[in-house]
file start.cif (mmCIF, C-alpha atoms)
data_final
loop_
_atom_site.group_PDB
_atom_site.id
_atom_site.type_symbol
_atom_site.label_atom_id
_atom_site.label_comp_id
_atom_site.auth_asym_id
_atom_site.auth_seq_id
_atom_site.Cartn_x
_atom_site.Cartn_y
_atom_site.Cartn_z
ATOM 1 C CA MET A 1 23.141 108.163 155.630
ATOM 2 C CA GLU A 2 25.181 109.092 158.702
ATOM 3 C CA ASP A 3 23.281 109.800 161.904
ATOM 4 C CA LYS A 4 22.773 113.584 161.957
ATOM 5 C CA GLY A 5 22.712 113.549 165.748
ATOM 6 C CA LYS A 6 26.184 112.025 165.815
ATOM 7 C CA VAL A 7 27.398 114.558 163.242
ATOM 8 C CA PHE A 8 25.981 117.341 165.391
ATOM 9 C CA ARG A 9 27.546 115.971 168.571
ATOM 10 C CA ARG A 10 30.968 115.729 166.889
ATOM 11 C CA LEU A 11 30.852 119.432 166.050
ATOM 12 C CA HIS A 12 30.769 120.086 169.800
ATOM 13 C CA GLU A 13 33.682 117.721 170.409
ATOM 14 C CA LEU A 14 36.078 119.333 167.914
ATOM 15 C CA ASP A 15 38.638 121.853 169.100
ATOM 16 C CA ASP A 16 37.255 124.661 166.957
ATOM 17 C CA ILE A 17 34.366 126.956 167.805
ATOM 18 C CA PHE A 18 31.482 126.904 165.307
ATOM 19 C CA VAL A 19 28.541 129.099 164.317
ATOM 20 C CA ILE A 20 25.049 127.625 164.144
ATOM 21 C CA PRO A 21 22.894 130.239 162.346
ATOM 22 C CA ASN A 22 19.119 130.373 162.639
ATOM 23 C CA PRO A 23 17.045 130.214 159.436
ATOM 24 C CA TRP A 24 13.348 130.964 159.671
ATOM 25 C CA ASP A 25 12.094 129.189 156.545
ATOM 26 C CA MET A 26 13.152 126.591 153.974
ATOM 27 C CA GLY A 27 14.749 129.166 151.678
ATOM 28 C CA THR A 28 17.013 130.645 154.339
ATOM 29 C CA ALA A 29 17.946 127.127 155.477
ATOM 30 C CA ARG A 30 19.086 126.225 151.968
ATOM 31 C CA ILE A 31 21.025 129.461 151.581
ATOM 32 C CA LEU A 32 22.926 128.812 154.810
ATOM 33 C CA GLU A 33 23.714 125.235 153.800
ATOM 34 C CA THR A 34 24.995 126.390 150.397
ATOM 35 C CA MET A 35 27.215 128.946 152.115
ATOM 36 C CA GLY A 36 28.988 126.186 154.025
ATOM 37 C CA PHE A 37 27.615 126.257 157.578
ATOM 38 C CA LYS A 38 27.825 122.887 159.317
ATOM 39 C CA ALA A 39 24.580 122.896 161.302
ATOM 40 C CA LEU A 40 21.416 124.969 161.678
ATOM 41 C CA ALA A 41 19.027 125.888 164.470
ATOM 42 C CA THR A 42 15.452 127.063 164.217
ATOM 43 C CA THR A 43 14.332 130.312 165.824
ATOM 44 C CA SER A 44 11.011 130.515 167.634
ATOM 45 C CA ALA A 45 10.937 134.300 167.234
ATOM 46 C CA GLY A 46 11.807 134.111 163.525
ATOM 47 C CA LEU A 47 9.013 131.589 163.007
ATOM 48 C CA ALA A 48 6.556 133.822 164.867
ATOM 49 C CA PHE A 49 7.523 136.853 162.754
ATOM 50 C CA SER A 50 7.040 134.863 159.549
ATOM 51 C CA LEU A 51 3.506 134.032 160.724
ATOM 52 C CA GLY A 52 2.778 137.616 161.725
ATOM 53 C CA VAL A 53 2.377 136.876 165.445
ATOM 54 C CA HIS A 54 4.258 137.457 168.688
ATOM 55 C CA GLU A 55 6.890 135.017 169.922
ATOM 56 C CA GLY A 56 5.474 132.512 172.366
ATOM 57 C CA THR A 57 2.058 132.351 170.671
ATOM 58 C CA VAL A 58 2.735 129.791 167.932
ATOM 59 C CA PRO A 59 0.842 126.529 168.603
ATOM 60 C CA TRP A 60 2.972 123.456 169.293
ATOM 61 C CA GLU A 61 1.681 121.590 166.229
ATOM 62 C CA GLN A 62 2.664 124.487 163.978
ATOM 63 C CA THR A 63 6.113 124.697 165.595
ATOM 64 C CA ILE A 64 6.759 121.003 164.945
ATOM 65 C CA GLN A 65 5.520 121.283 161.356
ATOM 66 C CA HIS A 66 7.927 124.184 160.857
ATOM 67 C CA CYS A 67 10.828 122.202 162.324
ATOM 68 C CA GLN A 68 9.972 119.316 160.004
ATOM 69 C CA SER A 69 10.075 121.660 157.009
ATOM 70 C CA ILE A 70 13.556 122.868 157.959
ATOM 71 C CA VAL A 71 14.761 119.279 158.437
ATOM 72 C CA ASN A 72 13.366 118.400 155.003
ATOM 73 C CA ALA A 73 15.004 121.438 153.388
ATOM 74 C CA THR A 74 18.600 120.604 154.286
ATOM 75 C CA SER A 75 21.049 117.746 154.669
ATOM 76 C CA LEU A 76 22.600 119.479 157.698
ATOM 77 C CA PRO A 77 21.890 118.615 161.339
ATOM 78 C CA VAL A 78 19.105 120.831 162.697
ATOM 79 C CA SER A 79 18.557 121.738 166.343
ATOM 80 C CA ALA A 80 15.140 123.124 167.258
ATOM 81 C CA ASP A 81 14.273 126.071 169.467
ATOM 82 C CA LEU A 82 11.303 124.463 171.234
ATOM 83 C CA GLU A 83 10.986 127.041 174.038
ATOM 84 C CA LYS A 84 9.681 125.149 177.119
ATOM 85 C CA GLY A 85 8.365 122.222 175.054
ATOM 86 C CA ILE A 86 4.844 120.831 175.159
ATOM 87 C CA GLY A 87 4.251 121.268 178.883
ATOM 88 C CA ASP A 88 5.601 122.106 182.307
ATOM 89 C CA ASP A 89 6.295 118.813 184.057
ATOM 90 C CA PRO A 90 9.301 116.503 183.550
ATOM 91 C CA GLU A 91 7.211 113.980 181.622
ATOM 92 C CA SER A 92 6.340 116.631 179.039
ATOM 93 C CA ALA A 93 10.033 117.489 178.647
ATOM 94 C CA ALA A 94 10.746 113.832 177.868
ATOM 95 C CA GLN A 95 7.848 113.735 175.430
ATOM 96 C CA THR A 96 9.183 116.874 173.742
ATOM 97 C CA VAL A 97 12.508 115.155 173.108
ATOM 98 C CA ASN A 98 10.801 112.034 171.769
ATOM 99 C CA ILE A 99 8.730 114.060 169.319
ATOM 100 C CA ALA A 100 11.716 116.153 168.235
ATOM 101 C CA ALA A 101 13.903 113.103 167.657
ATOM 102 C CA GLY A 102 11.056 111.405 165.826
ATOM 103 C CA ILE A 103 10.892 114.049 163.079
ATOM 104 C CA GLY A 104 14.615 113.851 162.351
ATOM 105 C CA LEU A 105 15.951 116.727 164.416
ATOM 106 C CA ALA A 106 19.547 116.342 165.627
ATOM 107 C CA GLY A 107 18.866 118.221 168.850
ATOM 108 C CA CYS A 108 16.713 120.779 170.604
ATOM 109 C CA SER A 109 16.894 123.420 173.301
ATOM 110 C CA LEU A 110 14.660 123.462 176.359
ATOM 111 C CA GLU A 111 14.147 126.596 178.444
ATOM 112 C CA ASP A 112 13.475 127.103 182.127
ATOM 113 C CA HIS A 113 11.107 129.948 181.127
ATOM 114 C CA THR A 114 7.528 129.151 182.093
ATOM 115 C CA GLY A 115 5.867 131.298 179.440
ATOM 116 C CA ILE A 116 4.141 133.285 182.205
ATOM 117 C CA ALA A 117 5.342 136.880 182.531
ATOM 118 C CA SER A 118 4.319 137.187 186.188
ATOM 119 C CA ASN A 119 6.272 134.039 187.131
ATOM 120 C CA PRO A 120 8.785 133.643 184.308
ATOM 121 C CA ILE A 121 11.278 131.059 185.617
ATOM 122 C CA TYR A 122 10.595 127.522 186.779
ATOM 123 C CA ASP A 123 11.435 126.580 190.348
ATOM 124 C CA PHE A 124 15.030 125.368 190.508
ATOM 125 C CA ASN A 125 14.201 121.749 191.331
ATOM 126 C CA LEU A 126 11.510 121.474 188.660
ATOM 127 C CA ALA A 127 13.828 122.999 186.066
ATOM 128 C CA VAL A 128 16.493 120.398 186.861
ATOM 129 C CA GLU A 129 13.999 117.530 186.876
ATOM 130 C CA ARG A 130 12.823 118.582 183.416
ATOM 131 C CA ILE A 131 16.370 118.323 182.053
ATOM 132 C CA GLU A 132 16.908 114.963 183.798
ATOM 133 C CA ALA A 133 13.786 113.590 182.130
ATOM 134 C CA ALA A 134 14.795 115.023 178.765
ATOM 135 C CA ALA A 135 18.241 113.425 179.065
ATOM 136 C CA LYS A 136 16.737 110.017 179.822
ATOM 137 C CA ALA A 137 14.499 110.342 176.762
ATOM 138 C CA ARG A 138 17.536 111.328 174.684
ATOM 139 C CA ASP A 139 19.241 108.050 175.531
ATOM 140 C CA ALA A 140 16.309 105.930 174.318
ATOM 141 C CA PRO A 141 16.051 106.667 170.539
ATOM 142 C CA ALA A 142 18.078 104.699 168.019
ATOM 143 C CA HIS A 143 19.877 107.818 166.794
ATOM 144 C CA ASP A 144 21.865 110.392 168.732
ATOM 145 C CA PHE A 145 20.260 113.612 169.962
ATOM 146 C CA VAL A 146 21.850 116.720 171.523
ATOM 147 C CA ILE A 147 20.022 118.527 174.338
ATOM 148 C CA THR A 148 20.748 122.197 174.985
ATOM 149 C CA ALA A 149 19.564 123.410 178.408
ATOM 150 C CA ARG A 150 18.758 127.118 178.588
ATOM 151 C CA ALA A 151 18.792 129.268 181.736
ATOM 152 C CA GLU A 152 16.594 132.246 180.884
ATOM 153 C CA ASN A 153 17.159 134.458 183.950
ATOM 154 C CA PHE A 154 18.829 137.324 182.102
ATOM 155 C CA MET A 155 16.091 137.434 179.465
ATOM 156 C CA TRP A 156 13.535 138.135 182.181
ATOM 157 C CA GLY A 157 15.314 140.732 184.284
ATOM 158 C CA ILE A 158 16.814 138.315 186.825
ATOM 159 C CA THR A 159 20.420 139.411 186.468
ATOM 160 C CA ASP A 160 21.888 137.134 189.113
ATOM 161 C CA LEU A 161 24.929 135.528 187.496
ATOM 162 C CA ASP A 162 25.651 133.225 190.442
ATOM 163 C CA GLU A 163 22.125 131.781 190.368
ATOM 164 C CA THR A 164 22.286 131.410 186.599
ATOM 165 C CA ILE A 165 25.567 129.495 186.888
ATOM 166 C CA LEU A 166 24.090 127.262 189.603
ATOM 167 C CA ARG A 167 21.256 126.398 187.225
ATOM 168 C CA LEU A 168 23.616 125.688 184.347
ATOM 169 C CA GLN A 169 25.808 123.501 186.558
ATOM 170 C CA ALA A 170 22.737 121.594 187.722
ATOM 171 C CA PHE A 171 21.578 121.164 184.114
ATOM 172 C CA GLU A 172 25.045 119.880 183.225
ATOM 173 C CA LYS A 173 24.905 117.327 186.056
ATOM 174 C CA ALA A 174 21.366 116.360 185.001
ATOM 175 C CA GLY A 175 22.627 115.278 181.591
ATOM 176 C CA ALA A 176 22.389 118.289 179.267
ATOM 177 C CA ASP A 177 24.865 118.199 176.390
ATOM 178 C CA VAL A 178 25.158 121.977 175.842
ATOM 179 C CA LEU A 179 24.564 124.879 178.245
ATOM 180 C CA TYR A 180 23.127 128.228 177.233
ATOM 181 C CA ALA A 181 22.237 131.416 179.117
ATOM 182 C CA PRO A 182 21.012 134.040 176.631
ATOM 183 C CA GLY A 183 21.355 137.690 177.587
ATOM 184 C CA LEU A 184 24.768 137.669 179.278
ATOM 185 C CA ARG A 185 25.860 141.297 179.169
ATOM 186 C CA ASP A 186 29.598 141.208 178.479
ATOM 187 C CA ILE A 187 32.612 139.052 177.683
ATOM 188 C CA VAL A 188 33.616 138.817 181.356
ATOM 189 C CA MET A 189 30.265 137.205 182.206
ATOM 190 C CA ILE A 190 30.574 134.884 179.223
ATOM 191 C CA LYS A 191 34.066 133.799 180.265
ATOM 192 C CA THR A 192 32.935 133.287 183.859
ATOM 193 C CA VAL A 193 30.114 131.010 182.711
ATOM 194 C CA CYS A 194 32.398 128.999 180.422
ATOM 195 C CA GLN A 195 34.957 128.515 183.196
ATOM 196 C CA ALA A 196 32.241 127.289 185.583
ATOM 197 C CA LEU A 197 31.169 124.471 183.248
ATOM 198 C CA THR A 198 32.817 121.458 181.653
ATOM 199 C CA LYS A 199 30.388 120.881 178.776
ATOM 200 C CA PRO A 200 30.079 123.051 175.637
ATOM 201 C CA VAL A 201 28.560 126.514 176.018
ATOM 202 C CA ASN A 202 26.379 128.225 173.423
ATOM 203 C CA VAL A 203 26.318 132.028 173.269
ATOM 204 C CA VAL A 204 23.917 134.054 171.144
ATOM 205 C CA MET A 205 25.075 137.106 169.208
ATOM 206 C CA GLY A 206 22.644 139.676 167.862
ATOM 207 C CA LEU A 207 20.687 140.572 170.972
ATOM 208 C CA PRO A 208 20.766 144.235 172.034
ATOM 209 C CA GLY A 209 24.045 145.037 173.751
ATOM 210 C CA ASN A 210 27.649 144.073 173.222
ATOM 211 C CA ILE A 211 28.655 142.198 170.077
ATOM 212 C CA TYR A 212 31.810 140.071 169.981
ATOM 213 C CA SER A 213 33.695 138.352 167.178
ATOM 214 C CA ILE A 214 34.114 134.621 166.741
ATOM 215 C CA SER A 215 37.739 134.852 167.860
ATOM 216 C CA GLU A 216 36.844 136.872 170.981
ATOM 217 C CA LEU A 217 34.193 134.339 171.963
ATOM 218 C CA ALA A 218 36.556 131.442 171.287
ATOM 219 C CA ASP A 219 39.113 133.041 173.624
ATOM 220 C CA ALA A 220 36.393 133.280 176.284
ATOM 221 C CA GLY A 221 35.779 129.529 176.062
ATOM 222 C CA VAL A 222 32.611 129.453 173.928
ATOM 223 C CA LYS A 223 32.086 126.345 171.768
ATOM 224 C CA ARG A 224 28.989 127.314 169.760
ATOM 225 C CA ILE A 225 27.569 130.647 168.570
ATOM 226 C CA SER A 226 23.960 131.088 167.507
ATOM 227 C CA VAL A 227 22.348 134.273 166.188
ATOM 228 C CA GLY A 228 18.764 133.804 167.365
ATOM 229 C CA ALA A 229 16.287 135.922 165.444
ATOM 230 C CA SER A 230 18.837 138.623 164.582
ATOM 231 C CA MET A 231 19.159 137.649 160.899
ATOM 232 C CA ALA A 232 15.370 137.488 160.594
ATOM 233 C CA ARG A 233 15.070 140.889 162.277
ATOM 234 C CA PHE A 234 17.704 142.284 159.915
ATOM 235 C CA ALA A 235 15.812 140.972 156.874
ATOM 236 C CA TYR A 236 12.484 142.313 158.130
ATOM 237 C CA GLY A 237 14.131 145.639 158.914
ATOM 238 C CA MET A 238 15.322 145.977 155.314
ATOM 239 C CA PHE A 239 11.838 145.040 154.073
ATOM 240 C CA ILE A 240 10.262 147.715 156.278
ATOM 241 C CA GLN A 241 12.774 150.322 155.086
ATOM 242 C CA ALA A 242 11.904 149.506 151.472
ATOM 243 C CA ALA A 243 8.178 149.836 152.174
ATOM 244 C CA GLN A 244 8.745 153.087 154.049
ATOM 245 C CA GLU A 245 10.648 154.516 151.074
ATOM 246 C CA ILE A 246 7.728 153.766 148.770
ATOM 247 C CA MET A 247 5.218 155.275 151.199
ATOM 248 C CA SER A 248 7.238 158.362 152.119
ATOM 249 C CA THR A 249 8.993 159.370 148.876
ATOM 250 C CA GLY A 250 7.293 157.379 146.128
ATOM 251 C CA THR A 251 10.667 156.015 144.994
ATOM 252 C CA PHE A 252 12.050 152.497 144.597
ATOM 253 C CA ASN A 253 15.771 152.990 145.147
ATOM 254 C CA TYR A 254 15.866 150.068 147.541
ATOM 255 C CA SER A 255 15.619 147.738 144.538
ATOM 256 C CA LYS A 256 19.138 148.723 143.459
ATOM 257 C CA GLU A 257 20.429 146.782 146.467
ATOM 258 C CA ALA A 258 18.231 143.724 145.874
ATOM 259 C CA ILE A 259 20.033 140.500 145.025
ATOM 260 C CA GLY A 260 19.635 139.375 141.423
ATOM 261 C CA PHE A 261 17.318 136.526 140.443
ATOM 262 C CA THR A 262 20.112 134.341 139.075
ATOM 263 C CA GLU A 263 22.385 134.853 142.058
ATOM 264 C CA LEU A 264 19.595 134.126 144.530
ATOM 265 C CA ALA A 265 18.469 131.041 142.617
ATOM 266 C CA SER A 266 22.033 129.702 142.688
ATOM 267 C CA TYR A 267 21.708 129.136 146.441
ATOM 268 C CA PHE A 268 18.825 126.756 145.890
ATOM 269 C CA GLU A 269 20.515 124.394 143.448
ATOM 270 C CA ARG A 270 20.774 120.885 144.845
ATOM 271 C CA LYS A 271 24.341 119.576 144.718
#

call {"tool": "encode", "arguments": {"input": "start.cif", "output": "structure tokens"}}
result
Amino acid sequence: MEDKGKVFRRLHELDDIFVIPNPWDMGTARILETMGFKALATTSAGLAFSLGVHEGTVPWEQTIQHCQSIVNATSLPVSADLEKGIGDDPESAAQTVNIAAGIGLAGCSLEDHTGIASNPIYDFNLAVERIEAAAKARDAPAHDFVITARAENFMWGITDLDETILRLQAFEKAGADVLYAPGLRDIVMIKTVCQALTKPVNVVMGLPGNIYSISELADAGVKRISVGASMARFAYGMFIQAAQEIMSTGTFNYSKEAIGFTELASYFERK
């Protein structure tokens, strides 16, 4: 079987932009594979919702077990949303990569978010050292592995684009394969970030705010588009609307829009 890490890396080297959607369980992973997507990424928020807890509270062991289940569910390359990883220091970032590669993941993302609301972003130098250590660990395994470095400033109210770009450029120099700054507000910011970097840029669609098409993002220089937890939130929103209809009106009209058993089952047939 071809190295999934190499397959994943090649997607970033092609001329075309691509979408990497985010399933939150084995069923959604198989649906997305059947529909023809070329790679998948886990979603930490989607996992948390499926467990009935807040994002950022899922234990590491449970996160890794979940990632393993997605890897087992599909033949596609899978990149994992591992938040900050198993710890704060550079050594823990390297260990995170080793564990992720060891369960068959084709890549992972590492954030510079500390997990502490009162001090949300790692010191610049520590953030860069974490990516350097992760990149060195990436080069050790027998199979390829793609590291996405995330600058989380905009997700935590630090709307300094220049500082965010400096972080992304430092992550690029430190050895990251893909750069990612979730929460950029508009296409001008996205284009500015893409022009400031030489390696592929991931942009997430589905967060509150402006939504752009694949072609618009391609024109801005984006290589990869993820959707984060937006598909999970959409699915849970429809579920809540159905439950609210039952509670408020005593009717079940929502079921008219439900996908049929046979059609849904067709997505799970192994080719």

call {"tool": "atom_distance", "arguments": {"input": "start.cif", "atom1": "atom CA of Gly260 of chain A", "atom2": "atom CA of Leu32 of chain A"}}
result
17.4 Å

call {"tool": "atom_distance", "arguments": {"input": "start.cif", "atom1": "atom CA of Ser266 of chain A", "atom2": "atom CA of Phe239 of chain A"}}
result
21.7 Å

call {"tool": "resolve_selection", "arguments": {"input": "start.cif", "expression": "the PyMOL selection byres ((chain A and resi 138) around 12)", "output": "PyMOL selection string"}}
result
chain A and resi 5+93-102+105-108+131-137+139-148+175-177

call {"tool": "closest_residue", "arguments": {"input": "start.cif", "among": "A:Ala149, A:Val193, A:Ile211, A:Val71", "to": "Lys173 of chain A", "atoms": "only C-alpha atoms"}}
result
A:Ala149

call {"tool": "axis_aligned_box", "arguments": {"input": "start.cif", "around": "segment 231-243 of chain A", "padding_each_side": "4 Å", "output": "JSON"}}
result
{"center_x": 13.7, "center_y": 143.9, "center_z": 156.9, "size_x": 19.0, "size_y": 20.8, "size_z": 18.8}

call {"tool": "resolve_selection", "arguments": {"input": "start.cif", "expression": "the PyMOL selection byres ((chain A and resi 53-59) around 12)", "output": "PyMOL selection string"}}
result
chain A and resi 43-52+60-66+81-86+113-117+229

call {"tool": "write_last_selection", "arguments": {"input": "start.cif", "atoms": "C-alpha atoms", "output": "short mmCIF file (atom, residue, chain, number, x, y, z; two decimals), in the frame of the given file"}}
result
data_model
loop_
_atom_site.label_atom_id
_atom_site.label_comp_id
_atom_site.auth_asym_id
_atom_site.auth_seq_id
_atom_site.Cartn_x
_atom_site.Cartn_y
_atom_site.Cartn_z
CA THR A 43 14.33 130.31 165.82
CA SER A 44 11.01 130.51 167.63
CA ALA A 45 10.94 134.30 167.23
CA GLY A 46 11.81 134.11 163.52
CA LEU A 47 9.01 131.59 163.01
CA ALA A 48 6.56 133.82 164.87
CA PHE A 49 7.52 136.85 162.75
CA SER A 50 7.04 134.86 159.55
CA LEU A 51 3.51 134.03 160.72
CA GLY A 52 2.78 137.62 161.72
CA TRP A 60 2.97 123.46 169.29
CA GLU A 61 1.68 121.59 166.23
CA GLN A 62 2.66 124.49 163.98
CA THR A 63 6.11 124.70 165.60
CA ILE A 64 6.76 121.00 164.94
CA GLN A 65 5.52 121.28 161.36
CA HIS A 66 7.93 124.18 160.86
CA ASP A 81 14.27 126.07 169.47
CA LEU A 82 11.30 124.46 171.23
CA GLU A 83 10.99 127.04 174.04
CA LYS A 84 9.68 125.15 177.12
CA GLY A 85 8.36 122.22 175.05
CA ILE A 86 4.84 120.83 175.16
CA HIS A 113 11.11 129.95 181.13
CA THR A 114 7.53 129.15 182.09
CA GLY A 115 5.87 131.30 179.44
CA ILE A 116 4.14 133.28 182.20
CA ALA A 117 5.34 136.88 182.53
CA ALA A 229 16.29 135.92 165.44
#

call {"tool": "atom_distance", "arguments": {"input": "start.cif", "atom1": "atom CA of Tyr180 of chain A", "atom2": "atom CA of Gly237 of chain A"}}
result
26.8 Å

call {"tool": "residues_around", "arguments": {"input": "start.cif", "residues": "Asp15 of chain A", "least_positions_apart": "3", "cutoff": "12 Å", "atoms": "only C-alpha atoms", "output": "PyMOL selection string"}}
result
chain A and resi 10-12+18+200+218+221-224

call {"tool": "closest_residue", "arguments": {"input": "start.cif", "among": "A:Ala29, A:Ala41, A:Ile103, A:Ala243", "to": "Val204 of chain A", "atoms": "all atoms listed in the file"}}
result
A:Ala41

call {"tool": "resolve_selection", "arguments": {"input": "start.cif", "expression": "the PyMOL selection byres ((chain A and resi 166) around 12)", "output": "list of chain:residue names"}}
result
A:Phe124, A:Asn125, A:Ala127, A:Val128, A:Ala151, A:Asn153, A:Asp160, A:Leu161, A:Asp162, A:Glu163, A:Thr164, A:Ile165, A:Arg167, A:Leu168, A:Gln169, A:Ala170, A:Phe171, A:Glu172, A:Lys173, A:Leu179, A:Ala181, A:Val193, A:Ala196, A:Leu197

call {"tool": "residues_near_point", "arguments": {"input": "start.cif", "point": "(29.7, 124.0, 160.2)", "cutoff": "12 Å", "atoms": "only C-alpha atoms", "output": "list in words"}}
result
Val7, Phe8, Arg9, Arg10, Leu11, His12, Leu14, Asp16, Ile17, Phe18, Val19, Ile20, Pro21, Leu32, Glu33, Thr34, Met35, Gly36, Phe37, Lys38, Ala39, Leu40, Ala41, Leu76, Pro77, Val78, Arg224, Ile225 and Ser226 of chain A

call {"tool": "closest_residue", "arguments": {"input": "start.cif", "among": "A:Asp219, A:Glu269, A:Asp3, A:Asp123", "to": "Gly27 of chain A", "atoms": "only C-alpha atoms"}}
result
A:Glu269

call {"tool": "closest_residue", "arguments": {"input": "start.cif", "among": "A:Glu129, A:Asp88, A:Asn22, A:Tyr122", "to": "Met205 of chain A", "atoms": "only C-alpha atoms"}}
result
A:Asn22

call {"tool": "closest_residue", "arguments": {"input": "start.cif", "among": "A:Gly206, A:Gln68, A:Asp25, A:Leu217", "to": "Phe234 of chain A", "atoms": "only C-alpha atoms"}}
result
A:Gly206

call {"tool": "residues_around", "arguments": {"input": "start.cif", "residues": "Gln241 of chain A", "least_positions_apart": "5", "cutoff": "9 Å", "atoms": "all atoms listed in the file", "output": "PDB file with C-alpha atoms, in the coordinates of the input"}}
result
ATOM      1  CA  TYR A 236      12.484 142.313 158.130  1.00  0.00           C
ATOM      2  CA  ILE A 246       7.728 153.766 148.770  1.00  0.00           C
ATOM      3  CA  TYR A 254      15.866 150.068 147.541  1.00  0.00           C
TER       4      TYR A 254
END

call {"tool": "decode", "arguments": {"input": "start.cif", "residues": "segment 46-100 of chain A", "atoms": "C-alpha atoms", "output": "mmCIF file, in the first residue's frame"}}
result
data_model
loop_
_atom_site.group_PDB
_atom_site.id
_atom_site.type_symbol
_atom_site.label_atom_id
_atom_site.label_comp_id
_atom_site.auth_asym_id
_atom_site.auth_seq_id
_atom_site.Cartn_x
_atom_site.Cartn_y
_atom_site.Cartn_z
ATOM 1 C CA GLY A 46 -16.589 17.856 16.432
ATOM 2 C CA LEU A 47 -15.142 15.090 18.597
ATOM 3 C CA ALA A 48 -15.971 17.034 21.762
ATOM 4 C CA PHE A 49 -19.571 17.598 20.617
ATOM 5 C CA SER A 50 -19.991 13.893 19.871
ATOM 6 C CA LEU A 51 -18.906 13.157 23.455
ATOM 7 C CA GLY A 52 -21.185 15.819 24.905
ATOM 8 C CA VAL A 53 -18.368 17.990 26.285
ATOM 9 C CA HIS A 54 -16.700 21.313 25.536
ATOM 10 C CA GLU A 55 -13.809 21.578 23.091
ATOM 11 C CA GLY A 56 -10.459 21.433 24.826
ATOM 12 C CA THR A 57 -11.641 19.023 27.539
ATOM 13 C CA VAL A 58 -11.234 15.680 25.757
ATOM 14 C CA PRO A 59 -8.405 13.626 27.323
ATOM 15 C CA TRP A 60 -5.387 12.953 25.111
ATOM 16 C CA GLU A 61 -5.884 9.174 25.186
ATOM 17 C CA GLN A 62 -9.461 9.562 23.969
ATOM 18 C CA THR A 63 -8.363 11.955 21.208
ATOM 19 C CA ILE A 64 -5.790 9.459 19.925
ATOM 20 C CA GLN A 65 -8.297 6.598 20.076
ATOM 21 C CA HIS A 66 -10.695 8.722 18.028
ATOM 22 C CA CYS A 67 -8.003 9.518 15.456
ATOM 23 C CA GLN A 68 -7.206 5.810 15.207
ATOM 24 C CA SER A 69 -10.871 5.043 14.532
ATOM 25 C CA ILE A 70 -10.964 7.553 11.673
ATOM 26 C CA VAL A 71 -7.743 6.127 10.206
ATOM 27 C CA ASN A 72 -9.253 2.635 10.400
ATOM 28 C CA ALA A 73 -12.501 3.779 8.769
ATOM 29 C CA THR A 74 -11.004 5.062 5.521
ATOM 30 C CA SER A 75 -8.317 4.392 2.943
ATOM 31 C CA LEU A 76 -7.715 8.147 2.594
ATOM 32 C CA PRO A 77 -4.874 10.088 4.227
ATOM 33 C CA VAL A 78 -6.022 11.551 7.552
ATOM 34 C CA SER A 79 -4.563 14.610 9.263
ATOM 35 C CA ALA A 80 -5.377 15.050 12.948
ATOM 36 C CA ASP A 81 -6.428 18.175 14.804
ATOM 37 C CA LEU A 82 -4.324 17.585 17.927
ATOM 38 C CA GLU A 83 -4.676 21.099 19.389
ATOM 39 C CA LYS A 84 -1.414 21.825 21.286
ATOM 40 C CA GLY A 85 -0.468 18.137 21.543
ATOM 41 C CA ILE A 86 0.408 16.282 24.726
ATOM 42 C CA GLY A 87 2.282 19.102 26.442
ATOM 43 C CA ASP A 88 3.815 22.548 26.282
ATOM 44 C CA ASP A 89 7.535 22.077 25.712
ATOM 45 C CA PRO A 90 9.294 21.254 22.417
ATOM 46 C CA GLU A 91 9.941 17.668 23.499
ATOM 47 C CA SER A 92 6.206 17.085 23.907
ATOM 48 C CA ALA A 93 5.590 18.463 20.407
ATOM 49 C CA ALA A 94 8.060 15.916 19.026
ATOM 50 C CA GLN A 95 6.416 13.159 21.038
ATOM 51 C CA THR A 96 3.020 14.216 19.686
ATOM 52 C CA VAL A 97 4.261 13.754 16.127
ATOM 53 C CA ASN A 98 5.770 10.362 16.943
ATOM 54 C CA ILE A 99 2.511 9.128 18.445
ATOM 55 C CA ALA A 100 0.441 10.517 15.570
#
